[in-house]
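Asks: Got a structure for you, questions after.
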Amino acid sequence: MRLRWQIFVAAVTLTATSSIAEPYHGNPLPEYGGSPANAKALHAEDVANELTPQEPDTDLLALMSGKCSTLRVAGRDYSCRTVAYAHGIHGRAYFTIALDDPADHSHIISFSGENGRRSQDNLYELTVDRMLLNSKNRPKVDGLPVPFVELSAGMCTQLGNFAAGQVSSIACTATDRNGRKYELKFESDGSPITIRRVKPSPPTIRERS
């Protein structure tokens with residue numbers, strides 16, 4: 001459990017860090033479709049842009065235990081391995097899900113937005129403005145894939161309270177600019193959430209020897 005947590009923390013932290021950059025405007029990930037025209041040239045340019053180090057801003061991670069009754073990514077259904085919430089010091093937040101994908105253990109998505117609001121004691125809402133899509137085929141920083149950022153519109157609703165250490169459910173829906181839809185319905189198993197305060201160091205790029 002400890003090793004899984006450390007790996008997931010690293011992946012979520014890098015996901016949060018990379019999203020500070022401008023949204024990705026290159027070709028879509030191969031597994032989500034897209035034209036192969038000029039792919040090689042565009043890929044080289046996009047990799048160069050995406051590997052520019054960004055200042056990390058994640059200050060809180062919350063890991064939740066339960067099951068995903070619905071996890072749909074661009075028309076495909078999955079189950080989930082891990083669900084987490086991440087918050088940045090500048091107000092951006094993320095509901096991040098590690099997919100149970102035997103073909104890709106780096107398959108992670110995030111519903112992301114700024115300035116989430118708590119309208120009631122046990123209701124938290126986050127307006128989604130982008131999806132972060134990660135896979136084993138993405139360019140890497142320090143061995144971890146850098147997510148593809150897709151402008152999107154949607155909403156996440158969380159029932160529960162971090163201060164009380166309990167989250168009962170999370171529901172997210174979003175549609176990206178290409179019409180692909182993403183949906184999450186998560187139910188807690190009743191276990192207390194695990195919260196970690198994070199003090200990440202800036203990511204580094206290691207040159208190949």
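Residues are named by chain letter and number: chains run A, B, ... in the order of the structure tokens, numbers start at 1 in each chain, and ligands are numbered from 1 in the order shown.
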At a cut-off of 12 Å, using only C-alpha atoms, what residues contact A:Ala164? Leave out same-chain residues fewer than 4 positions from it and give the result as a ChimeraX atom specification.
Replies: /A:121-122,159-160,168,191-195
Asks: Produce a file of the selected residues containing C-alpha atoms, as a compact mmCIF listing (two decimals), in the first residue's frame.
Replies:
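Just written: result_23.txt:
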# COMPACT_ATOMS: atom_id res chain seq x y z
CA ASP A 121 -21.14 21.53 4.71
CA ASN A 122 -21.04 18.21 2.85
CA LEU A 159 -20.44 14.53 -1.08
CA GLY A 160 -18.49 14.43 2.15
CA SER A 168 -19.24 9.28 0.46
CA SER A 191 -13.04 3.96 5.08
CA PRO A 192 -11.56 7.27 6.26
CA ILE A 193 -9.77 9.17 3.51
CA THR A 194 -5.98 9.48 3.61
CA ILE A 195 -4.74 13.07 3.42
Asks: Do you know which residues are at most 7 Å from stretch 97-113 of chain A counting only C-alpha atoms, after dropping those on the same chain fewer than 5 positions away, and could you put them as a list in words?
Replies: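 Once the nearby chain positions are removed, what remains is Tyr78, Ser79, Cys80, Arg81, Thr82, Val83, Ala84, Arg92, Leu126, Thr127, Val128, Asp129, Arg130, Met131, Leu132, Leu133, Asn134, Ser135 and Lys136 of chain A.
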Asks: One number please: atom CA of A:Asn137 to atom CA of A:Glu150, in Å, one decimal.
Replies: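 Spanning atom CA of A:Asn137 to atom CA of A:Glu150 is a straight-line distance of 16.1 Å.
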